[in-house]
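S.K.: Structure file target.tsv, TSV, C-alpha atoms, is pasted below:
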chain	number	residue	atom	x	y	z
A	112	ALA	CA	13.44	-12.75	26.90
A	113	THR	CA	13.72	-15.89	28.96
A	114	ALA	CA	13.21	-19.43	27.71
A	115	GLU	CA	9.68	-19.21	29.14
A	116	GLY	CA	8.83	-16.31	26.83
A	117	LEU	CA	7.47	-12.94	27.81
A	118	THR	CA	4.91	-12.36	30.51
A	119	ASP	CA	1.64	-10.55	29.86
A	120	GLU	CA	2.99	-7.46	31.66
A	121	GLU	CA	6.12	-7.40	29.48
A	122	VAL	CA	3.98	-7.79	26.35
A	123	ALA	CA	1.71	-4.90	27.36
A	124	GLU	CA	4.73	-2.72	28.14
A	125	ARG	CA	6.38	-3.49	24.77
A	126	LEU	CA	3.14	-3.00	22.84
A	127	GLU	CA	2.90	0.44	24.44
A	128	LYS	CA	6.52	1.25	23.63
A	129	PHE	CA	6.88	-0.26	20.12
A	130	GLY	CA	3.29	-0.55	18.89
A	131	HIS	CA	1.77	-3.34	16.84
A	132	ASN	CA	3.75	-5.44	14.36
A	133	LYS	CA	2.16	-4.07	11.22
A	134	LEU	CA	2.77	-1.43	8.61
A	135	ASP	CA	0.60	1.63	8.65
A	136	HIS	CA	-1.25	1.99	5.38
A	137	LYS	CA	-2.83	5.29	4.47
A	138	GLU	CA	-5.50	5.29	1.82
A	139	LYS	CA	-5.04	7.97	-0.82
A	140	SER	CA	-7.96	9.85	-2.25
A	141	ALA	CA	-9.20	8.17	-5.44
A	142	ILE	CA	-9.81	11.56	-7.04
A	143	LEU	CA	-6.26	12.70	-6.23
A	144	GLN	CA	-4.84	9.44	-7.62
A	145	PHE	CA	-6.82	9.94	-10.84
A	146	LEU	CA	-5.70	13.56	-11.20
A	147	LEU	CA	-2.07	12.56	-10.71
A	148	PHE	CA	-2.32	10.56	-13.95
A	149	MET	CA	-2.74	13.91	-15.71
A	150	TRP	CA	0.43	15.28	-14.10
A	151	ASN	CA	3.27	13.81	-16.16
A	152	PRO	CA	5.24	14.82	-19.25
A	153	LEU	CA	3.06	12.88	-21.73
A	154	SER	CA	-0.09	14.47	-20.33
A	155	TRP	CA	1.52	17.91	-20.43
A	156	VAL	CA	2.28	17.47	-24.15
A	157	MET	CA	-1.30	16.35	-24.81
A	158	GLU	CA	-2.70	19.29	-22.82
A	159	MET	CA	-0.50	21.73	-24.77
A	160	ALA	CA	-1.64	20.13	-28.04
A	161	ALA	CA	-5.26	20.66	-26.99
A	162	VAL	CA	-4.58	24.33	-26.22
A	163	VAL	CA	-2.77	24.74	-29.54
A	164	ALA	CA	-5.70	23.11	-31.36
A	165	ILE	CA	-8.00	25.84	-29.98
A	166	ALA	CA	-5.70	28.87	-29.88
A	167	VAL	CA	-3.63	28.56	-33.05
A	168	SER	CA	-5.95	26.84	-35.48
A	169	ASN	CA	-8.54	29.63	-35.62
A	170	GLY	CA	-6.42	32.04	-37.63
A	171	GLY	CA	-7.76	33.68	-40.77
A	172	GLY	CA	-11.26	34.05	-39.36
A	173	GLN	CA	-11.69	30.27	-39.10
A	174	PRO	CA	-13.56	28.85	-36.08
A	175	PRO	CA	-11.56	26.91	-33.47
A	176	ASP	CA	-10.70	23.30	-34.29
A	177	TRP	CA	-13.08	21.73	-31.75
A	178	GLU	CA	-12.80	18.24	-33.23
A	179	ASP	CA	-9.06	18.03	-32.58
A	180	PHE	CA	-9.48	19.60	-29.12
A	181	VAL	CA	-12.18	17.13	-28.09
A	182	GLY	CA	-10.24	14.21	-29.59
A	183	ILE	CA	-7.08	15.12	-27.65
A	184	ILE	CA	-9.00	15.62	-24.39
A	185	LEU	CA	-10.76	12.25	-24.86
A	186	LEU	CA	-7.38	10.55	-25.44
A	187	LEU	CA	-6.00	12.23	-22.31
A	188	LEU	CA	-8.99	11.07	-20.27
A	189	ALA	CA	-8.82	7.53	-21.69
A	190	ASN	CA	-5.11	7.32	-20.85
A	191	SER	CA	-5.75	8.55	-17.29
A	192	ILE	CA	-8.73	6.23	-16.74
A	193	ILE	CA	-6.86	3.15	-17.95
A	194	GLY	CA	-3.80	3.98	-15.83
A	195	PHE	CA	-5.98	4.65	-12.78
A	196	ILE	CA	-7.88	1.35	-13.13
A	197	GLU	CA	-4.65	-0.61	-13.61
A	198	GLN	CA	-3.06	0.99	-10.55
A	199	ARG	CA	-6.15	0.35	-8.38
A	200	ASN	CA	-6.26	-3.31	-9.47
A	201	ALA	CA	-2.55	-3.74	-8.68
A	202	GLY	CA	-3.02	-2.02	-5.32
A	203	ASN	CA	-5.94	-4.32	-4.45
A	204	ALA	CA	-3.88	-7.39	-5.37
A	205	VAL	CA	-1.01	-6.24	-3.13
A	206	LYS	CA	-3.45	-5.52	-0.29
A	207	ALA	CA	-4.94	-9.03	-0.59
A	208	LEU	CA	-1.45	-10.56	-0.61
A	209	MET	CA	-0.41	-8.60	2.50
A	210	GLU	CA	-3.54	-9.76	4.34
A	211	ALA	CA	-2.82	-13.38	3.41
A	212	LEU	CA	0.81	-13.36	4.58
A	213	ALA	CA	1.48	-14.54	8.11
A	214	PRO	CA	-1.79	-13.60	9.77
A	215	GLU	CA	-0.97	-15.73	12.83
A	216	ALA	CA	2.12	-16.75	14.77
A	217	LYS	CA	2.84	-19.46	17.33
A	218	VAL	CA	4.45	-17.71	20.29
A	219	LYS	CA	5.63	-18.73	23.75
A	220	ARG	CA	4.23	-16.48	26.45
A	221	ASN	CA	3.98	-17.13	30.18
A	222	GLY	CA	5.70	-20.48	29.58
A	223	GLU	CA	2.96	-21.74	27.20
A	224	TRP	CA	2.77	-21.93	23.42
A	225	LYS	CA	-0.22	-20.14	21.93
A	226	VAL	CA	-1.35	-18.89	18.53
A	227	ILE	CA	-1.84	-15.13	18.24
A	228	GLU	CA	-2.31	-12.61	15.45
A	229	ALA	CA	1.04	-11.66	13.94
A	230	SER	CA	0.29	-8.00	14.60
A	231	GLU	CA	0.42	-8.73	18.35
A	232	LEU	CA	4.08	-9.83	18.25
A	233	VAL	CA	6.52	-7.65	20.17
A	234	PRO	CA	10.32	-7.52	20.36
A	235	GLY	CA	11.56	-10.36	22.56
A	236	ASP	CA	8.77	-12.81	21.70
A	237	ILE	CA	9.83	-16.41	21.12
A	238	ILE	CA	8.11	-17.74	18.01
A	239	SER	CA	7.94	-21.25	16.62
A	240	VAL	CA	8.99	-21.67	13.00
A	241	LYS	CA	8.67	-24.85	11.01
A	242	LEU	CA	9.41	-25.71	7.40
A	243	GLY	CA	7.23	-23.72	5.02
A	244	ASP	CA	6.15	-21.09	7.57
A	245	VAL	CA	6.06	-17.44	6.67
A	246	ILE	CA	7.99	-15.60	9.35
A	247	PRO	CA	5.70	-12.85	10.61
A	248	ALA	CA	8.37	-10.48	11.97
A	249	ASP	CA	12.07	-9.82	12.28
A	250	GLY	CA	13.68	-12.19	14.71
A	251	ARG	CA	16.80	-13.81	16.07
A	252	LEU	CA	17.37	-17.55	15.58
A	253	THR	CA	18.23	-19.56	18.65
A	254	GLY	CA	19.17	-23.23	18.86
A	255	LYS	CA	16.81	-23.95	21.73
A	256	LYS	CA	13.49	-25.76	21.46
Written as structure tokens, how would this file's structure read?
M.R.:
Amino acid sequence: ATAEGLTDEEVAERLEKFGHNKLDHKEKSAILQFLLFMWNPLSWVMEMAAVVAIAVSNGGGQPPDWEDFVGIILLLLANSIIGFIEQRNAGNAVKALMEALAPEAKVKRNGEWKVIEASELVPGDIISVKLGDVIPADGRLTGKK
């Protein structure tokens, strides 16, 4: 880049080549996230205990131990629900933080300083940074003003 910054043509070319300055975020299915809380060693032990409560406890002509089975399943569900809610809340907090960080950048393009969205930065852009600014992209420091 020159001291005058990039031209509009150079910016369009680099946006085409490199894409926008943002991380792609794919939303996961809420149902799949919830079900994954039942796929871990602790859950496997609880699931086996529930099966044992039904299969093994009805020996000697006794009916299955439904109370233990239901209690174990309820504990498994409670554990999964609490973990799911905590993870969703943490994910929402991170999403809000990412949206708040460096939404705009002061950039020199076509010889003029202008404020643009940080996602529109491209390699080679000259950005202005002052004390306390969040730097919106990777960059190279130069001693020029």
S.K.: Of the candidates A:Ala141, A:Leu134, A:Leu126, A:Val162, which shows the shortest atom-to-atom distance to Ile196 in chain A, using only C-alpha atoms?
M.R.: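 Answer, going by the shortest atom-to-atom distance: A:Ala141.
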S.K.: How far is it from CA of Lys219 in chain A to CA of Gly130 in chain A, in Å with one decimal?
M.R.: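 According to the coordinates, CA of Lys219 in chain A and CA of Gly130 in chain A are separated by 19.0 Å.
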S.K.: With all atoms listed in the file as the atoms that count, which of A:Lys137, A:Arg220, A:Asn132, A:Lys206 lies nearest to Ala248 in chain A?
M.R.: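 Closest candidate: A:Asn132.
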S.K.: Using Å and a single decimal, report how far CA of Ala229 in chain A sits from CA of Gly202 in chain A.
M.R.: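 About the pair CA of Gly202 in chain A and CA of Ala229 in chain A: they are 21.9 Å apart.
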S.K.: I'd like the neighbourhood of range 180-187 of chain A as a short mmCIF file (atom, residue, chain, number, x, y, z; two decimals) with C-alpha atoms, in the coordinates of the input, where a residue qualifies if any of its atoms comes within 8 Å (using only C-alpha atoms), though same-chain residues fewer than 3 positions away should be ignored.
M.R.:
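Here's the written file result.cif:
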data_model
loop_
_atom_site.label_atom_id
_atom_site.label_comp_id
_atom_site.auth_asym_id
_atom_site.auth_seq_id
_atom_site.Cartn_x
_atom_site.Cartn_y
_atom_site.Cartn_z
CA MET A 149 -2.74 13.91 -15.71
CA SER A 154 -0.09 14.47 -20.33
CA MET A 157 -1.30 16.35 -24.81
CA GLU A 158 -2.70 19.29 -22.82
CA ALA A 160 -1.64 20.13 -28.04
CA ALA A 161 -5.26 20.66 -26.99
CA VAL A 162 -4.58 24.33 -26.22
CA ALA A 164 -5.70 23.11 -31.36
CA ILE A 165 -8.00 25.84 -29.98
CA ASP A 176 -10.70 23.30 -34.29
CA TRP A 177 -13.08 21.73 -31.75
CA ASN A 190 -5.11 7.32 -20.85
CA SER A 191 -5.75 8.55 -17.29
#
S.K.: Please tell me which residues are no farther than 12 Å from (12.2, -21.1, 28.5) in the file, counting all atoms listed in the file, and write them as number ranges by chain.
M.R.: A: 112-118, 218-224, 236-238, 253, 255-256
S.K.: List as a CSV table (one decimal) with C-alpha atoms, in the coordinates of the input the residues having at least one atom at most 10 Å from position (-5.7, -11.8, 14.1) as given in the file, counting all atoms listed in the file.
M.R.:
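Result file out.csv:
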chain,number,residue,atom,x,y,z
A,213,ALA,CA,1.5,-14.5,8.1
A,214,PRO,CA,-1.8,-13.6,9.8
A,215,GLU,CA,-1.0,-15.7,12.8
A,216,ALA,CA,2.1,-16.8,14.8
A,226,VAL,CA,-1.4,-18.9,18.5
A,227,ILE,CA,-1.8,-15.1,18.2
A,228,GLU,CA,-2.3,-12.6,15.4
A,229,ALA,CA,1.0,-11.7,13.9
A,230,SER,CA,0.3,-8.0,14.6
A,231,GLU,CA,0.4,-8.7,18.4
S.K.: Could you jot down the CA of His136 in chain A to CA of Ile246 in chain A separation for me, Å, one decimal place?
M.R.: 20.3 Å
S.K.: Let me make sure I understand: among A:Met159, A:Phe195, A:His131, A:Ala123, which one has the smallest atom-to-atom distance to Gln144 in chain A if we use only C-alpha atoms?
M.R.: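 Going through A:Met159, A:Phe195, A:His131, A:Ala123 one by one, the smallest distance to Gln144 in chain A is for A:Phe195.
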S.K.: From the options A:Glu124, A:Glu138, A:Gly235, A:Phe129, which residue's atoms come nearest to Asn203 in chain A, counting only C-alpha atoms?
M.R.: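 The answer is A:Glu138, which sits nearest to Asn203 in chain A.
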